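First comes the structure, then the notes that go with it.
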Amino acid sequence: MLEAAVQQVAEGVIIVDGKGRFVFWNEAAHRIVGMGPLAAPPAEWSSTYGCFLPDAVTAYPPEQLPLTRAMRGEHVREEEMFIRNPSNPEGSWISISSAPLLDPKGELAGGVVVFRDITERREADEVVRRLSKAVERTTDAVFITDRNAVIEYVNPAFEAITGYTGEEALGQRPSILKSGRNEPGFYEALWKNILAGNVHSTTPINRKKSGELFHAEQTITPISDDAGRITHFVSVMRDVTVLKMAQAREVEMSLARAVQQKLYPLGAPELPGFDLAGAAFPASQTGGDYFDFLPAADGRIAIAVGDVSGHGFGAALLMAETRAYLRSLSKATADLGEILRQLNLFLCHDTEDERFVTLMLTLLDPERRTIVYASAGHINGYLLDSSGAARRVLDSTGVPLGILGEAEFASSPEIPLAAGDLLLLLTDGAAEAQDRSGAFFETERVLRVVAEERHQSSTQIVRRLRAAVEDFARDSPQRDDITVVVCKVA
């Protein structure tokens with residue numbers, strides 16, 4: 001009866017006498033090992049039955065086999081072994097215990113081993129181990145709470161993102177991350193959804209241990225037991241603050257671009273004996289380039305080219321403000337120095353400390369065929385003669401606008417124009433364009449391109465210069481707006 005009972009158990013049972021001869025080998029042992037007892041001495045058991053250490057590669061030393069040790073009087077408990085042999089080619093994992101076999105006198109008479117197949121458990125443990133390793137190494141914060149929202153586990157990324165260590169977070173509730181910046185009813189809706197068994201995705205504003213706010217892209221998944229009762233919640237959280245800021249900047253850039261584009265003149269005025277053209281070529285980041293053709297108080301035409309420092313919506317708004325002030329002031333007086341002085345006072349009052357505007361104002365007199373200019377810290381303009389040589393450099397006559405409230409601005413003497421002359425006004429975007437190596441297009445190349453194209457119309461010269469810059473930069477991104485105004489004298 002005892003033998004019949006042992007044959008029915010799920011565990012493998014093997015018994016040997018004191019000389020290592022098998023005296024019992026039940027059906028479970030045969031099924032798990034893949035074969036029955038063979039006439040092999042203990043020194044050959046490892047190779048005969050395919051016994052391997054837990055690395056599943058190294059053969060188990062025969063003298064260290066649990067059954068061999070039991071024959072020596074040792075006890076072994078729950079030792080893992082890998083079995084692989086021709087009858088069991090896929091191999092299986094077993095957990096094995098052994099004990100000495102004693103005769104009625106208490107003397108050593110052999111050994112017995114009892115083992116069970118733990119292959120499925122090992123495979124499940126391996127899946128859990130890999131999952132745990134992935135969770136530990138992921139850059140997303142993962143934390144697990146019980147049904148009452150008490151934190152039971154946090155991964156290293158949770159510590160990195162929130163600033164709370166595992167010791168500080170365990171036993172607490174996720175409310176330690178509350179910022180008070182989320183909409184009313186936010187948490188009520190969250191709890192209603194997850195307690196209904198639904199996966200909840202949200203992007204709350206959370207607070208780190210340091211007090212710093214951050215946007216968290218978070219997914220909360222309810223975990224249920226076999227009876228369908230929710231026992232835990234798993235939250236995966238990612239800090240998307242940088243992404244949110246980038247999206248906000250993109251919206252800002254789009255708005256700024258729309259503002260900027262609406263402020264450029266639709267076309268140049270038509271003046272007998274003169275050919276005017278201007279264009280602005282935006283970069284991917286909105287700057288504050290500005291050009292305009294303004295009727296002056298005495299009937300002359302003012303040509304304005306400016307550049308607002310910085311990028312984004314703030315720069316575009318400052319450009320719009322500068323344009324509005326300039327258009328108003330130009331109707332009241334034709335004194336360029338006075339226009340810049342008053343404009344500077346307005347901007348000093350309105351602008352932030354880090355913002356400023358450079359501006360070139362050129363007053364064109366079609367009747368007298370002359371120009372007068374004033375420059376508030378703007379880059380040089382150029383007057384080229386009919387041969388393409390620069391016969392006059394229009395350099396700065398004052399500081400940039402919006403910096404010094406009491407600044408004064410001088411105007412140039414009247415400069416006569418001759419047939420074939422070409423007036424070139426621009427911002428620094430063309431000269432500072434870079435190729436892949438980081439080399440600049442530079443002012444000399446700008447002047448050379450314009451001189452070579454001087455026989456073309458003003459519109460074509462502007463386009464040719466733009467094309468030359470694009471060809472030079474090739475795949476290198478445009479870093480700044482390029483604005484060019486050309487006035488040819490017939």
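Ordered as shown in the structure tokens, chains take letters A, B, and onward, while each chain numbers its residues from 1 and ligands are numbered from 1 in the order shown.
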Near-segment 91-103 of chain A list (10 Å; only C-alpha atoms; drop same-chain fewer than 6 positions) as number ranges by chain: A: 11-18, 32-34, 50-52, 54, 56, 65-85, 109-123
Written file, previous selection with C-alpha atoms, as a PDB file, in the first residue's frame:
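Written file, part38.pdb:
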```
ATOM      1  CA  GLU A  11       6.546  14.382  -6.736  1.00  0.00           C
ATOM      2  CA  GLY A  12       9.325  12.193  -8.012  1.00  0.00           C
ATOM      3  CA  VAL A  13      10.754   9.790  -5.435  1.00  0.00           C
ATOM      4  CA  ILE A  14      14.016   7.869  -5.877  1.00  0.00           C
ATOM      5  CA  ILE A  15      15.643   5.592  -3.304  1.00  0.00           C
ATOM      6  CA  VAL A  16      19.110   4.011  -3.467  1.00  0.00           C
ATOM      7  CA  ASP A  17      20.871   1.601  -1.142  1.00  0.00           C
ATOM      8  CA  GLY A  18      24.254   2.193   0.445  1.00  0.00           C
ATOM      9  CA  ILE A  32       9.977  14.364 -14.732  1.00  0.00           C
ATOM     10  CA  VAL A  33      13.458  13.032 -15.522  1.00  0.00           C
ATOM     11  CA  GLY A  34      12.388  11.497 -18.818  1.00  0.00           C
ATOM     12  CA  GLY A  50      21.719  15.043 -17.755  1.00  0.00           C
ATOM     13  CA  CYS A  51      21.989  16.921 -14.474  1.00  0.00           C
ATOM     14  CA  PHE A  52      23.082  20.572 -14.687  1.00  0.00           C
ATOM     15  CA  PRO A  54      21.186  26.309 -12.179  1.00  0.00           C
ATOM     16  CA  ALA A  56      21.670  25.143 -17.217  1.00  0.00           C
ATOM     17  CA  LEU A  65      24.337  15.678  -6.368  1.00  0.00           C
ATOM     18  CA  PRO A  66      21.696  15.739  -3.605  1.00  0.00           C
ATOM     19  CA  LEU A  67      21.268  11.954  -3.762  1.00  0.00           C
ATOM     20  CA  THR A  68      25.033  11.406  -3.490  1.00  0.00           C
ATOM     21  CA  ARG A  69      25.176  13.725  -0.507  1.00  0.00           C
ATOM     22  CA  ALA A  70      22.247  11.903   1.095  1.00  0.00           C
ATOM     23  CA  MET A  71      24.228   8.672   0.809  1.00  0.00           C
ATOM     24  CA  ARG A  72      26.915  10.440   2.846  1.00  0.00           C
ATOM     25  CA  GLY A  73      24.416  11.334   5.563  1.00  0.00           C
ATOM     26  CA  GLU A  74      23.666  14.921   4.474  1.00  0.00           C
ATOM     27  CA  HIS A  75      20.310  16.610   4.245  1.00  0.00           C
ATOM     28  CA  VAL A  76      19.499  18.888   1.253  1.00  0.00           C
ATOM     29  CA  ARG A  77      16.430  21.128   1.037  1.00  0.00           C
ATOM     30  CA  GLU A  78      14.873  22.728  -2.037  1.00  0.00           C
ATOM     31  CA  GLU A  79      17.904  22.811  -4.281  1.00  0.00           C
ATOM     32  CA  GLU A  80      17.261  23.668  -7.929  1.00  0.00           C
ATOM     33  CA  MET A  81      18.617  21.558 -10.772  1.00  0.00           C
ATOM     34  CA  PHE A  82      18.197  21.528 -14.541  1.00  0.00           C
ATOM     35  CA  ILE A  83      17.593  18.169 -16.233  1.00  0.00           C
ATOM     36  CA  ARG A  84      18.214  17.682 -19.961  1.00  0.00           C
ATOM     37  CA  ASN A  85      18.836  14.364 -21.729  1.00  0.00           C
ATOM     38  CA  ALA A 109      21.669   2.418   4.563  1.00  0.00           C
ATOM     39  CA  GLY A 110      21.274   4.630   1.477  1.00  0.00           C
ATOM     40  CA  GLY A 111      19.532   7.815   0.439  1.00  0.00           C
ATOM     41  CA  VAL A 112      16.230   9.163  -0.813  1.00  0.00           C
ATOM     42  CA  VAL A 113      15.382  12.191  -2.962  1.00  0.00           C
ATOM     43  CA  VAL A 114      12.017  13.856  -3.466  1.00  0.00           C
ATOM     44  CA  PHE A 115      11.645  16.401  -6.289  1.00  0.00           C
ATOM     45  CA  ARG A 116       9.003  18.249  -8.233  1.00  0.00           C
ATOM     46  CA  ASP A 117       8.862  19.896 -11.662  1.00  0.00           C
ATOM     47  CA  ILE A 118       9.098  23.684 -11.301  1.00  0.00           C
ATOM     48  CA  THR A 119       9.580  24.491 -14.998  1.00  0.00           C
ATOM     49  CA  GLU A 120       6.363  26.504 -15.290  1.00  0.00           C
ATOM     50  CA  ARG A 121       7.122  28.376 -12.098  1.00  0.00           C
ATOM     51  CA  ARG A 122      10.659  29.144 -13.288  1.00  0.00           C
ATOM     52  CA  GLU A 123       9.334  30.407 -16.608  1.00  0.00           C
TER      53      GLU A 123
END
```
Non-local contacts of segment 162-174 of chain A (10 Å; only C-alpha atoms; under 4 positions in same chain excluded) as number ranges by chain: A: 141, 143-146, 148-158, 178, 206-214, 235, 239
Limited to N, CA and C atoms, could you put the picked residues into a file as a PDB file, in the first residue's frame?
```
ATOM      1  N   ALA A 141       8.077  56.881 -14.653  1.00  0.00           N
ATOM      2  CA  ALA A 141       7.817  56.568 -13.246  1.00  0.00           C
ATOM      3  C   ALA A 141       6.701  55.538 -13.159  1.00  0.00           C
ATOM      4  N   PHE A 143       4.462  53.440 -10.224  1.00  0.00           N
ATOM      5  CA  PHE A 143       4.184  53.198  -8.802  1.00  0.00           C
ATOM      6  C   PHE A 143       2.875  52.427  -8.673  1.00  0.00           C
ATOM      7  N   ILE A 144       2.814  51.577  -7.646  1.00  0.00           N
ATOM      8  CA  ILE A 144       1.678  50.691  -7.419  1.00  0.00           C
ATOM      9  C   ILE A 144       1.076  51.021  -6.062  1.00  0.00           C
ATOM     10  N   THR A 145      -0.246  51.149  -6.049  1.00  0.00           N
ATOM     11  CA  THR A 145      -0.943  51.406  -4.791  1.00  0.00           C
ATOM     12  C   THR A 145      -1.949  50.291  -4.534  1.00  0.00           C
ATOM     13  N   ASP A 146      -2.373  50.170  -3.279  1.00  0.00           N
ATOM     14  CA  ASP A 146      -3.469  49.255  -2.995  1.00  0.00           C
ATOM     15  C   ASP A 146      -4.787  49.947  -3.341  1.00  0.00           C
ATOM     16  N   ASN A 148      -6.848  51.380  -1.586  1.00  0.00           N
ATOM     17  CA  ASN A 148      -7.045  52.618  -0.838  1.00  0.00           C
ATOM     18  C   ASN A 148      -6.023  53.690  -1.195  1.00  0.00           C
ATOM     19  N   ALA A 149      -5.282  53.453  -2.282  1.00  0.00           N
ATOM     20  CA  ALA A 149      -4.316  54.431  -2.810  1.00  0.00           C
ATOM     21  C   ALA A 149      -3.097  54.615  -1.911  1.00  0.00           C
ATOM     22  N   VAL A 150      -2.760  53.578  -1.156  1.00  0.00           N
ATOM     23  CA  VAL A 150      -1.521  53.615  -0.369  1.00  0.00           C
ATOM     24  C   VAL A 150      -0.401  53.041  -1.241  1.00  0.00           C
ATOM     25  N   ILE A 151       0.662  53.789  -1.389  1.00  0.00           N
ATOM     26  CA  ILE A 151       1.745  53.378  -2.284  1.00  0.00           C
ATOM     27  C   ILE A 151       2.498  52.190  -1.698  1.00  0.00           C
ATOM     28  N   GLU A 152       2.621  51.115  -2.517  1.00  0.00           N
ATOM     29  CA  GLU A 152       3.323  49.911  -2.085  1.00  0.00           C
ATOM     30  C   GLU A 152       4.643  49.714  -2.826  1.00  0.00           C
ATOM     31  N   TYR A 153       4.771  50.361  -3.990  1.00  0.00           N
ATOM     32  CA  TYR A 153       5.999  50.188  -4.783  1.00  0.00           C
ATOM     33  C   TYR A 153       6.216  51.428  -5.637  1.00  0.00           C
ATOM     34  N   VAL A 154       7.485  51.839  -5.728  1.00  0.00           N
ATOM     35  CA  VAL A 154       7.876  52.879  -6.696  1.00  0.00           C
ATOM     36  C   VAL A 154       9.195  52.433  -7.338  1.00  0.00           C
ATOM     37  N   ASN A 155       9.363  52.741  -8.635  1.00  0.00           N
ATOM     38  CA  ASN A 155      10.618  52.393  -9.308  1.00  0.00           C
ATOM     39  C   ASN A 155      11.599  53.574  -9.230  1.00  0.00           C
ATOM     40  N   PRO A 156      12.849  53.358  -9.620  1.00  0.00           N
ATOM     41  CA  PRO A 156      13.840  54.448  -9.532  1.00  0.00           C
ATOM     42  C   PRO A 156      13.443  55.694 -10.312  1.00  0.00           C
ATOM     43  N   ALA A 157      12.737  55.524 -11.433  1.00  0.00           N
ATOM     44  CA  ALA A 157      12.343  56.699 -12.214  1.00  0.00           C
ATOM     45  C   ALA A 157      11.365  57.577 -11.441  1.00  0.00           C
ATOM     46  N   PHE A 158      10.543  56.962 -10.594  1.00  0.00           N
ATOM     47  CA  PHE A 158       9.642  57.749  -9.749  1.00  0.00           C
ATOM     48  C   PHE A 158      10.450  58.656  -8.840  1.00  0.00           C
ATOM     49  N   LYS A 178       0.149  66.323  -5.271  1.00  0.00           N
ATOM     50  CA  LYS A 178      -0.874  67.306  -5.624  1.00  0.00           C
ATOM     51  C   LYS A 178      -0.279  68.699  -5.703  1.00  0.00           C
ATOM     52  N   ASN A 206       1.523  68.214 -11.575  1.00  0.00           N
ATOM     53  CA  ASN A 206       1.942  67.692 -10.283  1.00  0.00           C
ATOM     54  C   ASN A 206       3.040  68.555  -9.679  1.00  0.00           C
ATOM     55  N   ARG A 207       3.332  68.268  -8.431  1.00  0.00           N
ATOM     56  CA  ARG A 207       4.372  69.015  -7.721  1.00  0.00           C
ATOM     57  C   ARG A 207       5.435  68.050  -7.194  1.00  0.00           C
ATOM     58  N   LYS A 208       6.698  68.364  -7.452  1.00  0.00           N
ATOM     59  CA  LYS A 208       7.787  67.546  -6.946  1.00  0.00           C
ATOM     60  C   LYS A 208       8.036  67.845  -5.469  1.00  0.00           C
ATOM     61  N   LYS A 209       8.870  67.043  -4.854  1.00  0.00           N
ATOM     62  CA  LYS A 209       9.219  67.271  -3.462  1.00  0.00           C
ATOM     63  C   LYS A 209       9.829  68.651  -3.274  1.00  0.00           C
ATOM     64  N   SER A 210      10.571  69.118  -4.289  1.00  0.00           N
ATOM     65  CA  SER A 210      11.217  70.426  -4.219  1.00  0.00           C
ATOM     66  C   SER A 210      10.237  71.576  -4.335  1.00  0.00           C
ATOM     67  N   GLY A 211       8.996  71.281  -4.716  1.00  0.00           N
ATOM     68  CA  GLY A 211       8.014  72.324  -4.943  1.00  0.00           C
ATOM     69  C   GLY A 211       7.864  72.690  -6.396  1.00  0.00           C
ATOM     70  N   GLU A 212       8.755  72.176  -7.239  1.00  0.00           N
ATOM     71  CA  GLU A 212       8.697  72.476  -8.666  1.00  0.00           C
ATOM     72  C   GLU A 212       7.504  71.779  -9.306  1.00  0.00           C
ATOM     73  N   LEU A 213       6.781  72.522 -10.141  1.00  0.00           N
ATOM     74  CA  LEU A 213       5.634  71.954 -10.847  1.00  0.00           C
ATOM     75  C   LEU A 213       6.089  71.243 -12.114  1.00  0.00           C
ATOM     76  N   PHE A 214       5.360  70.195 -12.479  1.00  0.00           N
ATOM     77  CA  PHE A 214       5.660  69.516 -13.741  1.00  0.00           C
ATOM     78  C   PHE A 214       4.388  68.910 -14.307  1.00  0.00           C
ATOM     79  N   SER A 235       0.215  52.842 -11.799  1.00  0.00           N
ATOM     80  CA  SER A 235       0.312  54.139 -12.474  1.00  0.00           C
ATOM     81  C   SER A 235       1.644  54.243 -13.197  1.00  0.00           C
ATOM     82  N   ASP A 239       7.197  62.633 -17.228  1.00  0.00           N
ATOM     83  CA  ASP A 239       7.320  64.093 -17.151  1.00  0.00           C
ATOM     84  C   ASP A 239       7.350  64.645 -18.574  1.00  0.00           C
TER      85      ASP A 239
END
```
My list of candidates is A:Gly288, A:Pro222, A:Gly405, A:Gly197. Which is closest to Leu359 of chain A when distances are computed with only C-alpha atoms? A:Gly288
d(atom CA of Arg21 of chain A, atom CA of Met35 of chain A) in Å: 15.9 Å
Nearest to Thr362 of chain A, chosen from A:Ala374, A:Ala407, A:Ala418, A:Ala40, with only C-alpha atoms counted in the distances: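 Among the listed residues, A:Ala374 lies closest to Thr362 of chain A.
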Identify all residues of segment 198-368 of chain A in strand (DSSP E) (DSSP on the backbone) and supply them as a ChimeraX atom specification. /A:200-202,205-207,213-224,230-239,274-281,288-295,301-308,357-365
Need the shell around Ser437 of chain A: protein/DNA/RNA residues with any atom at most 12 Å away, counting only C-alpha atoms. Skip same-chain ones fewer than 2 positions apart. Format as a list in words?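 Contacts, with the query itself left out: Ala433, Gln434, Asp435, Ala439, Phe440, Phe441, Phe472, Ala473, Arg474, Asp475 and Ser476 of chain A.
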Pull C-alpha atoms from the residues just selected and write them as a short mmCIF file (atom, residue, chain, number, x, y, z; two decimals), in the first residue's frame.
```cif
data_model
loop_
_atom_site.label_atom_id
_atom_site.label_comp_id
_atom_site.auth_asym_id
_atom_site.auth_seq_id
_atom_site.Cartn_x
_atom_site.Cartn_y
_atom_site.Cartn_z
CA ALA A 433 23.74 82.58 -42.63
CA GLN A 434 25.90 79.49 -42.06
CA ASP A 435 26.73 76.36 -44.04
CA ALA A 439 31.18 79.20 -42.04
CA PHE A 440 29.29 82.51 -42.48
CA PHE A 441 27.99 83.95 -45.73
CA PHE A 472 25.44 78.52 -49.65
CA ALA A 473 23.63 77.14 -46.59
CA ARG A 474 22.19 74.10 -48.45
CA ASP A 475 20.72 71.77 -45.81
CA SER A 476 21.78 73.91 -42.86
#
```
Considering only C-alpha atoms, state which residue in the set A:Glu408, A:Glu270, A:Asp289, A:Asp365 is at the smallest distance from Leu345 of chain A. A:Glu408
Nearest-residue call for Ile415 of chain A, choices A:Leu364, A:Leu190, A:Val251, A:Ala389, using only C-alpha atoms: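 Once distances to Ile415 of chain A are computed over only C-alpha atoms, the minimum belongs to A:Leu364.
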